[in-house]
Every structure is written in structure tokens, then in C-alpha cells.
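Enquirer: So here's upload.csv (CSV, C-alpha atoms and all ligand atoms).
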chain,number,residue,atom,x,y,z
A,1,MET,CA,-64.8,26.8,42.1
A,2,LYS,CA,-65.2,23.1,42.4
A,3,LEU,CA,-68.8,22.1,42.2
A,4,LEU,CA,-70.7,18.8,42.8
A,5,VAL,CA,-73.7,18.7,40.5
A,6,THR,CA,-76.1,15.9,41.1
A,7,GLY,CA,-78.5,14.5,38.5
A,8,GLY,CA,-76.4,16.0,35.7
A,9,ALA,CA,-77.2,13.3,33.2
A,10,GLY,CA,-80.9,14.3,33.3
A,11,PHE,CA,-82.7,17.1,31.4
A,12,ILE,CA,-82.1,20.2,33.5
A,13,GLY,CA,-78.9,19.1,35.2
A,14,GLY,CA,-77.3,18.3,31.8
A,15,HIS,CA,-78.1,21.8,30.5
A,16,PHE,CA,-76.8,23.3,33.8
A,17,VAL,CA,-73.4,21.5,33.2
A,18,ARG,CA,-73.4,22.9,29.6
A,19,LEU,CA,-74.1,26.4,30.9
A,20,LEU,CA,-71.3,26.2,33.4
A,21,LEU,CA,-68.7,25.0,31.0
A,22,LYS,CA,-69.6,27.9,28.7
A,23,GLU,CA,-70.0,30.7,31.3
A,24,ARG,CA,-67.6,29.5,34.0
A,25,PRO,CA,-64.8,27.7,32.0
A,26,ASP,CA,-62.4,27.6,34.9
A,27,TRP,CA,-64.7,25.7,37.2
A,28,THR,CA,-64.4,22.0,37.8
A,29,ILE,CA,-67.6,20.0,37.8
A,30,ILE,CA,-68.1,16.6,39.4
A,31,ASN,CA,-71.4,15.2,38.0
A,32,LEU,CA,-72.9,12.5,40.2
A,33,ASP,CA,-75.8,10.6,38.6
A,34,LYS,CA,-77.3,7.2,39.3
A,35,LEU,CA,-78.4,6.9,35.6
A,36,THR,CA,-81.9,5.8,36.4
A,37,TYR,CA,-84.3,5.4,33.4
A,38,ALA,CA,-84.4,9.2,33.2
A,39,GLY,CA,-80.6,9.8,33.1
A,40,ASN,CA,-78.6,8.7,30.2
A,41,MET,CA,-75.0,9.2,29.0
A,42,ALA,CA,-76.5,10.0,25.6
A,43,THR,CA,-77.9,13.2,27.1
A,44,ILE,CA,-74.4,14.5,27.9
A,45,LYS,CA,-72.6,12.8,25.0
A,46,ASP,CA,-71.6,16.2,23.6
A,47,ILE,CA,-69.9,17.3,26.8
A,48,THR,CA,-66.2,16.5,26.4
A,49,SER,CA,-64.5,19.2,28.5
A,50,PRO,CA,-61.7,18.1,30.8
A,51,HIS,CA,-63.3,20.2,33.5
A,52,HIS,CA,-66.3,17.8,33.6
A,53,HIS,CA,-66.0,14.5,35.5
A,54,PHE,CA,-68.9,12.1,35.5
A,55,VAL,CA,-69.4,9.7,38.4
A,56,LYS,CA,-72.1,7.0,38.3
A,57,GLY,CA,-73.6,6.8,41.8
A,58,ASP,CA,-76.5,7.4,44.2
A,59,ILE,CA,-76.9,10.5,46.2
A,60,CYS,CA,-78.3,8.3,49.0
A,61,ASP,CA,-74.8,6.8,49.3
A,62,THR,CA,-73.4,9.3,51.9
A,63,ALA,CA,-70.0,7.7,52.0
A,64,LEU,CA,-69.6,8.1,48.2
A,65,VAL,CA,-70.8,11.8,48.5
A,66,SER,CA,-68.4,12.4,51.3
A,67,ASN,CA,-65.5,10.9,49.4
A,68,LEU,CA,-66.2,13.0,46.4
A,69,ILE,CA,-66.4,16.2,48.5
A,70,GLU,CA,-63.0,15.3,50.1
A,71,ASP,CA,-61.2,14.0,47.1
A,72,HIS,CA,-62.2,16.9,44.8
A,73,HIS,CA,-62.1,19.7,47.5
A,74,ILE,CA,-65.7,20.5,46.6
A,75,ASP,CA,-66.8,24.1,47.4
A,76,ALA,CA,-70.5,23.9,46.6
A,77,ILE,CA,-73.3,21.4,45.7
A,78,VAL,CA,-76.2,21.9,43.4
A,79,ASN,CA,-78.8,19.1,43.7
A,80,PHE,CA,-80.9,18.3,40.6
A,81,ALA,CA,-81.1,14.6,41.3
A,82,ALA,CA,-84.6,13.5,41.8
A,83,GLU,CA,-87.4,11.1,40.7
A,84,SER,CA,-89.3,13.7,38.8
A,85,HIS,CA,-92.4,12.3,37.1
A,86,VAL,CA,-95.7,12.9,38.8
A,87,ASP,CA,-97.5,9.9,37.2
A,88,ARG,CA,-94.8,7.5,38.4
A,89,SER,CA,-95.1,8.9,41.9
A,90,ILE,CA,-98.8,8.1,41.8
A,91,GLU,CA,-98.1,4.6,40.8
A,92,SER,CA,-95.4,4.1,43.4
A,93,SER,CA,-94.2,6.7,45.8
A,94,LEU,CA,-91.4,4.9,47.6
A,95,PRO,CA,-88.6,5.7,45.1
A,96,PHE,CA,-89.6,9.4,45.3
A,97,LEU,CA,-89.3,9.4,49.1
A,98,THR,CA,-86.0,7.5,48.9
A,99,THR,CA,-84.2,9.8,46.4
A,100,ASN,CA,-86.0,13.1,46.9
A,101,VAL,CA,-86.1,13.0,50.7
A,102,LEU,CA,-83.4,10.6,52.0
A,103,GLY,CA,-81.1,11.5,49.1
A,104,THR,CA,-81.4,15.2,50.0
A,105,GLU,CA,-80.7,14.3,53.7
A,106,SER,CA,-77.6,12.4,52.6
A,107,LEU,CA,-76.3,15.4,50.6
A,108,LEU,CA,-77.1,17.8,53.4
A,109,SER,CA,-75.4,15.8,56.1
A,110,ALA,CA,-72.2,15.4,53.9
A,111,ALA,CA,-72.4,19.2,53.1
A,112,ARG,CA,-72.6,20.0,56.8
A,113,ARG,CA,-69.8,17.7,57.8
A,114,HIS,CA,-67.4,19.1,55.2
A,115,LYS,CA,-68.5,22.7,55.8
A,116,ILE,CA,-69.6,23.2,52.2
A,117,LYS,CA,-69.7,27.0,51.3
A,118,ARG,CA,-73.0,26.8,49.3
A,119,TYR,CA,-75.8,24.3,48.8
A,120,VAL,CA,-78.5,24.8,46.2
A,121,GLN,CA,-81.6,22.6,46.3
A,122,VAL,CA,-83.4,22.6,42.9
A,123,SER,CA,-87.1,22.4,43.9
A,124,THR,CA,-90.3,23.0,42.1
A,125,ASP,CA,-93.3,25.4,42.1
A,126,GLU,CA,-95.4,22.2,42.5
A,127,VAL,CA,-94.7,22.3,46.3
A,128,TYR,CA,-97.2,25.3,46.5
A,129,GLY,CA,-100.0,23.1,45.2
A,130,SER,CA,-102.8,24.4,42.9
A,131,ALA,CA,-103.2,28.1,42.4
A,132,GLY,CA,-106.5,29.9,42.4
A,133,GLU,CA,-107.7,31.7,39.3
A,134,SER,CA,-105.7,34.9,39.7
A,135,GLU,CA,-103.3,33.8,42.4
A,136,HIS,CA,-99.5,33.9,42.0
A,137,PHE,CA,-97.5,32.1,44.7
A,138,THR,CA,-94.6,34.0,46.3
A,139,GLU,CA,-91.7,32.4,48.2
A,140,SER,CA,-93.7,32.9,51.4
A,141,SER,CA,-96.9,31.2,50.2
A,142,ILE,CA,-98.1,28.1,52.1
A,143,ILE,CA,-96.6,24.8,51.0
A,144,GLN,CA,-99.5,22.5,50.0
A,145,PRO,CA,-98.3,19.7,47.8
A,146,ASN,CA,-101.1,17.5,46.2
A,147,ASN,CA,-99.2,14.4,44.9
A,148,PRO,CA,-96.4,12.2,46.2
A,149,TYR,CA,-93.8,13.8,43.9
A,150,SER,CA,-94.5,17.3,45.1
A,151,ALA,CA,-94.9,16.1,48.7
A,152,SER,CA,-91.4,14.5,48.5
A,153,LYS,CA,-90.0,17.7,47.0
A,154,ALA,CA,-91.7,19.8,49.8
A,155,ALA,CA,-90.3,17.5,52.5
A,156,ALA,CA,-86.8,18.0,51.0
A,157,ASP,CA,-87.3,21.8,51.0
A,158,HIS,CA,-88.2,21.6,54.7
A,159,LEU,CA,-85.1,19.6,55.4
A,160,VAL,CA,-82.9,22.1,53.6
A,161,ARG,CA,-84.5,25.0,55.6
A,162,ALA,CA,-84.0,23.0,58.8
A,163,TYR,CA,-80.3,22.5,58.1
A,164,HIS,CA,-79.9,26.2,57.5
A,165,VAL,CA,-81.6,27.2,60.7
A,166,THR,CA,-80.2,24.4,62.9
A,167,TYR,CA,-76.7,24.1,61.6
A,168,ASP,CA,-76.2,27.4,59.7
A,169,LEU,CA,-75.7,25.5,56.4
A,170,PRO,CA,-75.4,28.2,53.7
A,171,ALA,CA,-78.3,26.7,51.7
A,172,CYS,CA,-80.8,28.1,49.2
A,173,ILE,CA,-83.8,26.7,47.5
A,174,THR,CA,-85.1,27.4,43.9
A,175,ARG,CA,-88.7,26.8,42.9
A,176,CYS,CA,-89.3,26.9,39.1
A,177,THR,CA,-92.3,26.4,36.9
A,178,ASN,CA,-92.5,23.7,34.1
A,179,ASN,CA,-89.3,23.6,32.0
A,180,TYR,CA,-89.1,22.7,28.3
A,181,GLY,CA,-86.3,22.3,25.8
A,182,SER,CA,-84.0,19.7,24.3
A,183,TYR,CA,-83.1,16.4,26.0
A,184,GLN,CA,-86.3,16.2,28.1
A,185,PHE,CA,-87.2,12.6,28.6
A,186,PRO,CA,-90.1,11.6,26.3
A,187,GLU,CA,-92.6,10.9,29.1
A,188,LYS,CA,-93.0,14.5,30.0
A,189,PHE,CA,-95.8,16.5,28.5
A,190,ILE,CA,-94.1,18.6,25.7
A,191,PRO,CA,-91.9,15.7,24.4
A,192,VAL,CA,-94.9,13.3,24.5
A,193,ILE,CA,-96.9,15.7,22.4
A,194,ILE,CA,-94.0,16.3,19.9
A,195,CYS,CA,-93.0,12.6,19.6
A,196,ASN,CA,-96.6,11.3,19.2
A,197,ALA,CA,-97.5,14.1,16.7
A,198,MET,CA,-94.4,13.3,14.7
A,199,GLN,CA,-95.6,9.7,14.4
A,200,GLY,CA,-99.3,10.6,13.8
A,201,LYS,CA,-100.2,8.9,17.1
A,202,HIS,CA,-102.9,10.0,19.5
A,203,ILE,CA,-102.0,12.6,22.1
A,204,PRO,CA,-103.4,11.8,25.5
A,205,VAL,CA,-104.8,14.8,27.3
A,206,TYR,CA,-105.9,14.5,30.9
A,207,GLY,CA,-109.6,15.4,31.6
A,208,ASP,CA,-110.8,18.5,29.8
A,209,GLY,CA,-107.2,19.8,29.2
A,210,MET,CA,-108.0,23.1,30.8
A,211,GLN,CA,-105.2,22.8,33.4
A,212,GLN,CA,-103.1,25.9,33.2
A,213,ARG,CA,-99.3,25.8,33.3
A,214,GLU,CA,-96.5,28.3,33.1
A,215,TRP,CA,-93.5,27.3,30.9
A,216,ILE,CA,-90.0,28.4,31.0
A,217,HIS,CA,-87.1,27.5,28.8
A,218,VAL,CA,-84.6,25.2,30.5
A,219,MET,CA,-81.7,27.6,29.9
A,220,ASP,CA,-83.5,30.5,31.6
A,221,HIS,CA,-84.0,28.2,34.6
A,222,CYS,CA,-80.4,27.2,34.6
A,223,ARG,CA,-79.2,30.8,34.5
A,224,GLY,CA,-81.5,31.3,37.6
A,225,VAL,CA,-79.9,28.4,39.4
A,226,LEU,CA,-76.4,29.8,38.6
A,227,ALA,CA,-77.5,33.2,39.9
A,228,VAL,CA,-78.7,31.7,43.2
A,229,LEU,CA,-75.4,29.7,43.5
A,230,GLU,CA,-73.4,32.9,43.1
A,231,HIS,CA,-75.6,35.6,44.6
A,232,GLY,CA,-78.4,34.0,46.6
A,233,ARG,CA,-78.8,34.8,50.2
A,234,ALA,CA,-78.3,31.8,52.5
A,235,GLY,CA,-81.6,30.5,53.8
A,236,GLN,CA,-83.7,32.1,51.0
A,237,VAL,CA,-86.1,30.6,48.5
A,238,TYR,CA,-86.2,31.9,44.9
A,239,ASN,CA,-89.0,31.4,42.5
A,240,PHE,CA,-88.4,31.3,38.7
A,241,SER,CA,-91.1,31.7,36.0
A,242,ASP,CA,-91.4,33.5,32.7
A,243,ASP,CA,-95.2,34.2,33.1
A,244,THR,CA,-96.0,32.3,29.9
A,245,ASP,CA,-99.2,30.5,30.9
A,246,ILE,CA,-101.2,28.3,28.6
A,247,THR,CA,-103.8,25.6,29.0
A,248,ASN,CA,-102.7,22.0,28.3
A,249,ILE,CA,-105.2,21.7,25.4
A,250,ASP,CA,-104.0,25.0,23.8
A,251,LEU,CA,-100.4,23.8,24.0
A,252,VAL,CA,-101.3,20.6,22.3
A,253,ARG,CA,-103.1,22.5,19.5
A,254,LEU,CA,-100.1,24.8,19.1
A,255,ILE,CA,-97.7,22.0,18.7
A,256,LEU,CA,-100.0,20.1,16.3
A,257,GLU,CA,-100.3,23.2,14.2
A,258,GLN,CA,-96.5,23.7,14.0
A,259,LEU,CA,-96.1,20.0,13.0
A,260,GLY,CA,-99.0,20.3,10.4
A,261,GLN,CA,-101.0,17.6,12.2
A,262,PRO,CA,-104.8,17.6,12.8
A,263,ASN,CA,-106.5,18.3,16.2
A,264,ASP,CA,-108.3,15.0,15.9
A,265,LEU,CA,-105.1,13.3,17.2
A,266,ILE,CA,-106.1,14.7,20.6
A,267,GLN,CA,-107.5,12.0,22.9
A,268,HIS,CA,-109.0,13.0,26.2
A,269,VAL,CA,-108.3,10.5,28.9
A,270,LYS,CA,-109.4,10.1,32.5
A,271,ASP,CA,-107.9,12.9,34.6
A,272,ARG,CA,-104.8,12.3,36.7
A,273,LEU,CA,-105.6,11.7,40.4
A,274,GLY,CA,-105.1,14.9,42.5
A,275,HIS,CA,-104.3,16.8,39.3
A,276,ASP,CA,-103.4,20.4,40.1
A,277,ARG,CA,-105.6,22.8,38.1
A,278,ARG,CA,-103.2,25.7,37.8
A,279,TYR,CA,-99.6,26.6,38.7
A,280,SER,CA,-98.4,30.2,38.8
A,281,VAL,CA,-95.5,31.7,40.7
A,282,ASP,CA,-94.3,35.3,41.2
A,283,SER,CA,-90.6,35.6,40.4
A,284,SER,CA,-90.2,39.3,41.1
A,285,LYS,CA,-87.9,38.5,44.1
A,286,SER,CA,-85.4,36.7,41.8
A,287,GLN,CA,-85.6,39.5,39.2
A,288,ARG,CA,-85.0,42.1,42.0
A,289,GLU,CA,-82.4,40.4,44.1
A,290,LEU,CA,-80.5,38.4,41.5
A,291,ASN,CA,-80.9,40.6,38.5
A,292,TRP,CA,-82.3,37.6,36.7
A,293,ALA,CA,-84.8,37.8,33.9
A,294,PRO,CA,-86.0,35.1,31.4
A,295,LYS,CA,-84.6,35.7,27.9
A,296,ILE,CA,-86.1,33.1,25.6
A,297,PRO,CA,-89.6,33.9,24.3
A,298,PHE,CA,-91.9,30.9,24.5
A,299,ALA,CA,-92.7,30.9,20.7
A,300,THR,CA,-89.0,30.9,19.8
A,301,GLY,CA,-88.0,28.3,22.4
A,302,LEU,CA,-90.9,26.0,21.5
A,303,SER,CA,-90.1,26.1,17.8
A,304,GLU,CA,-86.5,25.3,18.5
A,305,THR,CA,-87.5,22.4,20.8
A,306,ILE,CA,-89.8,20.9,18.2
A,307,LYS,CA,-87.0,21.1,15.6
A,308,TRP,CA,-84.5,19.5,18.1
A,309,TYR,CA,-86.8,16.5,18.6
A,310,GLN,CA,-87.3,16.2,14.8
A,311,ASP,CA,-83.5,16.2,14.3
A,312,ASN,CA,-82.7,13.8,17.2
A,313,GLN,CA,-84.7,10.7,16.7
A,314,ASN,CA,-81.6,8.6,17.6
A,315,TRP,CA,-81.5,10.2,21.1
A,316,ILE,CA,-85.2,9.5,21.6
A,317,GLU,CA,-84.8,5.8,20.6
A,318,THR,CA,-81.7,5.4,22.8
A,319,VAL,CA,-83.2,6.9,26.0
A,320,LEU,CA,-86.6,5.1,25.5
A,321,SER,CA,-84.8,1.8,25.0
A,322,HIS,CA,-83.2,2.1,28.5
A,323,SER,CA,-86.5,3.0,30.3
A,401,LIG,N1,-88.7,19.3,34.6
A,401,LIG,C1,-89.3,20.4,35.2
A,401,LIG,O1,-90.2,21.0,34.6
A,401,LIG,C2,-88.9,20.8,36.6
A,401,LIG,C3,-89.4,22.1,37.0
A,401,LIG,C4,-89.0,22.5,38.3
A,401,LIG,C5,-88.1,21.8,39.0
A,401,LIG,N2,-87.6,20.6,38.6
A,401,LIG,C6,-86.6,19.9,39.4
A,401,LIG,O2,-85.4,19.9,38.7
A,401,LIG,C7,-84.7,18.7,39.0
A,401,LIG,C8,-84.2,18.1,37.7
A,401,LIG,O3,-85.4,17.7,36.9
A,401,LIG,P1,-85.4,17.1,35.5
A,401,LIG,O4,-86.6,17.4,34.8
A,401,LIG,O5,-84.0,17.4,34.9
A,401,LIG,O6,-85.4,15.5,35.9
A,401,LIG,P2,-84.9,14.2,35.1
A,401,LIG,O7,-85.8,13.1,35.6
A,401,LIG,O8,-84.8,14.5,33.7
A,401,LIG,O9,-83.4,14.0,35.7
A,401,LIG,C9,-83.2,13.5,37.0
A,401,LIG,C10,-81.8,13.0,37.0
A,401,LIG,O10,-81.5,12.6,38.4
A,401,LIG,C11,-80.9,11.3,38.3
A,401,LIG,N3,-81.1,10.6,39.6
A,401,LIG,C12,-82.3,10.1,40.0
A,401,LIG,N4,-82.2,9.5,41.2
A,401,LIG,C13,-80.9,9.7,41.5
A,401,LIG,C14,-80.1,9.3,42.7
A,401,LIG,N5,-80.7,8.6,43.7
A,401,LIG,N6,-78.8,9.6,42.7
A,401,LIG,C15,-78.2,10.2,41.7
A,401,LIG,N7,-78.9,10.6,40.6
A,401,LIG,C16,-80.2,10.3,40.5
A,401,LIG,C17,-81.5,10.6,37.1
A,401,LIG,O11,-80.6,9.6,36.6
A,401,LIG,C18,-81.6,11.8,36.1
A,401,LIG,O12,-80.4,11.9,35.4
A,401,LIG,C19,-85.6,17.8,39.8
A,401,LIG,O13,-85.2,18.0,41.2
A,401,LIG,C20,-87.0,18.4,39.6
A,401,LIG,O14,-87.7,18.2,40.8
A,401,LIG,C21,-88.0,20.1,37.3
Written as C-alpha cells, that's how I'd like the structure from this file.
Ligand SMILES: NC(=O)c1ccc[n+]([C@@H]2O[C@H](COP(=O)([O-])OP(=O)(O)OC[C@H]3O[C@@H](n4cnc5c(N)ncnc54)[C@H](O)[C@@H]3O)[C@@H](O)[C@H]2O)c1

Expert:
Amino acid sequence: MKLLVTGGAGFIGGHFVRLLLKERPDWTIINLDKLTYAGNMATIKDITSPHHHFVKGDICDTALVSNLIEDHHIDAIVNFAAESHVDRSIESSLPFLTTNVLGTESLLSAARRHKIKRYVQVSTDEVYGSAGESEHFTESSIIQPNNPYSASKAAADHLVRAYHVTYDLPACITRCTNNYGSYQFPEKFIPVIICNAMQGKHIPVYGDGMQQREWIHVMDHCRGVLAVLEHGRAGQVYNFSDDTDITNIDLVRLILEQLGQPNDLIQHVKDRLGHDRRYSVDSSKSQRELNWAPKIPFATGLSETIKWYQDNQNWIETVLSHS
């Protein structure tokens, strides 16, 4: 298998490349990443396999994507590349529409032209919008994004579906809940809590902090994406979640406790505009059809993640200095 992975110098894409090199050692991976502020060679410094080839470039550059597909006889594409931070999308949505929508269109058109055997779009549960108190979104729930990031991801999902229906492109979509783990850029919630707590700095918490989120370890998500790549049915959507839900404020308290820091570091700040109150997805279809199940308990994964940030201050400084 020769695979084009996009966004593989970012948090989840980098872990996906690591997973493939371990689990599918015969595969060749072309890793295309623009190295925006969120992507960094330091994130994939440990990847030295001759089966991995990094290319700096933009998924919006259709000619580049086409050349890569042709030159490397690419069989399949997994698209992780995205602008991914909700707060930045509220500040300025254009880069989100450019990469997340037009970039996806660029990949899809190249995939169609070259008759790619499998296309996987890595999407998010945020496209479903905010869940009611006991609601769990399934793959057929209504798409109701509430911020420019999730709207751009939802638009991309619609394009992927349209390419499947119109051109018979063998495409699948994954929608996963919040990921955590090593190498996550320190503007996302868990790394911000850990980094600020390590330095005894205030931890900003939006509004009352009672927003509820489901967390999944990044490697469990990556195993799900691999399962979709190998066994997903074309045209289908697959949700991923490990049903660990916790309010933002409880998560902050948990991390502060593990780091031996006091709760008075918590600083409530004005709530995010359009802030979704609750995310929750039902991943029983993925469990049933793909024989997938999350393996890493939240308590274990979180402790390991905290330890990783404590041990990798150089990485934190390197990636922040490029942002
Ligand atoms: N982080 C989460 O909790 C989460 C949950 C569900 C789904 N997702 C989705 O997973 C994917 C990866 O998320 P992440 O958290 O790893 O994001 P990230 O911001 O850490 O990484 C994104 C990567 O894409 C690259 N990139 C951005 N624009 C590009 C472009 N135009 N061309 C090529 N490369 C480009 C960046 O340089 C970076 O390396 C995204 O599509 C995101 O929507 C993330």
C-alpha cells in the first residue's frame, strides 16, 4: 500500500504515521504538510523510517497533489490536514474555509482523476453541534455546526459525500470526539491546562466551565482511522468515542490535583461565542462494523500525557516559538 497522509506533522496525523510504521511496516507513506504554526518537524523528529517521506506543501495545490499521486503510485489518501482551532476560526474564518473546504476539494478532485482506491476524510463530532442532556449523536444525526471551524469541517464532509454519490469515489468519513495525548499543540485545552499548571499560571476556563466533553486517546482514534481505511464501506460515516465524558471544570481540577497545584489557579473568563454545551457521539456502528474498541482508559492516558509534557519542555518551547 502506498498512502498519502496529509497533515502528518500535526498532532493526530503524526501519531497516525507512527501507528502505520509500527503496524503496517511494508507500507510507503508520503506525508504532505504545509507546516503551519500547528505543524512542526519537531513533532515527527523521532520518525526515521525509510518508508516515510515528508513533503512540505499545501493540500490546496492540486498540481502538487496530482504529481505526488502519480510519482508515488498512491493507492489511498487520508486527510488530516486542517485548520483545527475553534478560537482562531472565530477570530478569522477565511483560512478555515481555504484549507478545510477548498483543500478538501483539491484532494478529492485529484483522487477522482487518478482513480484512488480509498479516500478517508478525518472529520469531527463538532459537525453535529451541541448535544442535548442525554442525546448521543449517531452517524445519521443532523449536521448543525455552530462555529466557523465546525461549519468548514461540515462543508468538507458534504463535499466528500457528494464525490462519492456523483463520481463513485470510494470515500469514507470519520467523526471523532476530542483527542488528547502527546504532541498536541499547546493552545488546545488539555495542553494549556498542563503547561499553565506546570508554571503555576492561571488556567482560563470559559464561562461556568460546565461544558461537557468526551475524550479519547489519540492512538485509539488513529486505530479507528486505520480500521476505516482498511475495512470501512465506501460512502459511510464512522463515529469514534470512548464515552469518557467530563465537564471542563472537573477536567481542570483533575489535572491540577495530579500536578499538585491548587484550584485557585482556575480563572473563569468570558464564554466563547457560540460555545457548544455538550458533545456526545454513539460509536456503536464502528464497534460493530469495524471490530474497533477504545483500549486506553482515560485515567491512564491522561497521567501519561501529563508526564509527557513534563518531560518534553523543549518540544513545547520549539513549537510555541514558531507560532
Ligand atoms: N484534535 C482533536 O481533538 C480532533 C478531534 C476530531 C477530529 N479532528 C480532526 O483531525 C484532524 C487533525 O487534527 P489535529 O488536532 O491533529 O490538528 P493540528 O492542528 O495539530 O494539525 C493539523 C496539521 O495540518 C497541517 N496543515 C494545515 N493546513 C494545511 C494545508 N493547507 N496543507 C497541508 N497541511 C496543512 C498543519 O501544518 C498541521 O500539521 C483535523 O482535520 C481535525 O479537524 C481533531

Enquirer: Nearest to ligand LIG 401 (chain A): which of A:Asp26, A:Asp75, A:Glu126, A:Glu135 is it, counting all atoms listed in the file?

Expert: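 Looking at the shortest contact to ligand LIG 401 (chain A), the residue is A:Glu126.
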
Enquirer: Can you tell me how far atom O7 of ligand LIG 401 (chain A) sits from CA of Val17 (chain A), in Å to one decimal?

Expert: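 It comes out at 15.2 Å.
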
Enquirer: Within 7 Å of ligand LIG 401 (chain A) (counting all atoms listed in the file), which residues show up? I'd like them as a CSV table (one decimal) with C-alpha atoms, in the frame of the given file.

Expert:
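File pocket15.csv, as written:
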chain,number,residue,atom,x,y,z
A,6,THR,CA,-76.1,15.9,41.1
A,7,GLY,CA,-78.5,14.5,38.5
A,8,GLY,CA,-76.4,16.0,35.7
A,9,ALA,CA,-77.2,13.3,33.2
A,10,GLY,CA,-80.9,14.3,33.3
A,11,PHE,CA,-82.7,17.1,31.4
A,12,ILE,CA,-82.1,20.2,33.5
A,13,GLY,CA,-78.9,19.1,35.2
A,32,LEU,CA,-72.9,12.5,40.2
A,33,ASP,CA,-75.8,10.6,38.6
A,34,LYS,CA,-77.3,7.2,39.3
A,35,LEU,CA,-78.4,6.9,35.6
A,36,THR,CA,-81.9,5.8,36.4
A,37,TYR,CA,-84.3,5.4,33.4
A,38,ALA,CA,-84.4,9.2,33.2
A,39,GLY,CA,-80.6,9.8,33.1
A,40,ASN,CA,-78.6,8.7,30.2
A,57,GLY,CA,-73.6,6.8,41.8
A,58,ASP,CA,-76.5,7.4,44.2
A,59,ILE,CA,-76.9,10.5,46.2
A,60,CYS,CA,-78.3,8.3,49.0
A,79,ASN,CA,-78.8,19.1,43.7
A,80,PHE,CA,-80.9,18.3,40.6
A,81,ALA,CA,-81.1,14.6,41.3
A,82,ALA,CA,-84.6,13.5,41.8
A,83,GLU,CA,-87.4,11.1,40.7
A,84,SER,CA,-89.3,13.7,38.8
A,85,HIS,CA,-92.4,12.3,37.1
A,99,THR,CA,-84.2,9.8,46.4
A,103,GLY,CA,-81.1,11.5,49.1
A,122,VAL,CA,-83.4,22.6,42.9
A,123,SER,CA,-87.1,22.4,43.9
A,124,THR,CA,-90.3,23.0,42.1
A,125,ASP,CA,-93.3,25.4,42.1
A,153,LYS,CA,-90.0,17.7,47.0
A,175,ARG,CA,-88.7,26.8,42.9
A,176,CYS,CA,-89.3,26.9,39.1
A,177,THR,CA,-92.3,26.4,36.9
A,178,ASN,CA,-92.5,23.7,34.1
A,179,ASN,CA,-89.3,23.6,32.0
A,180,TYR,CA,-89.1,22.7,28.3
A,184,GLN,CA,-86.3,16.2,28.1
A,185,PHE,CA,-87.2,12.6,28.6

Enquirer: Find the spatial neighbours of region 260-275 of chain A, counting only C-alpha atoms, within a cut-off of 6 Å - ignore same-chain residues fewer than 6 positions away - and output them as a list in words.

Expert: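 My reading of the contact set: His202, Ile203, Pro204, Val205, Tyr206 and Gly207 of chain A.
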
Enquirer: Would you write out those residues with C-alpha atoms, as an mmCIF file, keeping the file's coordinate frame?

Expert:
data_model
loop_
_atom_site.group_PDB
_atom_site.id
_atom_site.type_symbol
_atom_site.label_atom_id
_atom_site.label_comp_id
_atom_site.auth_asym_id
_atom_site.auth_seq_id
_atom_site.Cartn_x
_atom_site.Cartn_y
_atom_site.Cartn_z
ATOM 1 C CA HIS A 202 -102.900 10.000 19.500
ATOM 2 C CA ILE A 203 -102.000 12.600 22.100
ATOM 3 C CA PRO A 204 -103.400 11.800 25.500
ATOM 4 C CA VAL A 205 -104.800 14.800 27.300
ATOM 5 C CA TYR A 206 -105.900 14.500 30.900
ATOM 6 C CA GLY A 207 -109.600 15.400 31.600
#

Enquirer: When you draw a straight line from CA of Glu257 (chain A) to CA of Phe189 (chain A), how long is it in Å?

Expert: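 Going from CA of Glu257 (chain A) over to CA of Phe189 (chain A), I get 16.4 Å.
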
Enquirer: As a PyMOL selection string, please: the residues near Ile30 (chain A) (cut-off 12 Å, all atoms listed in the file, same-chain neighbours under 3 positions excluded).

Expert: chain A and resi 1-9+13+17+20-21+27+33+49-57+65+67-79

Enquirer: Counting all atoms listed in the file, which residue out of A:Asp311, A:Arg278, A:Ile296, A:Ala227 sits closest to Ser130 (chain A)?

Expert: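 That would be A:Arg278, the residue with the smallest distance to Ser130 (chain A).
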
Enquirer: Within 7 Å of Ile44 (chain A), counting only C-alpha atoms, which residues show up once you throw out same-chain ones fewer than 3 positions away? Write them as a list of chain:residue names, please.

Expert: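 In the requested form, the answer reads A:Ala9, A:Gly14, A:Met41, A:Ile47.
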
Enquirer: Once you have the residues from the selection above, write them out as a compact mmCIF listing (two decimals), in the frame of the given file, restricted to C-alpha atoms.

Expert:
# COMPACT_ATOMS: atom_id res chain seq x y z
CA ALA A 9 -77.20 13.30 33.20
CA GLY A 14 -77.30 18.30 31.80
CA MET A 41 -75.00 9.20 29.00
CA ILE A 47 -69.90 17.30 26.80
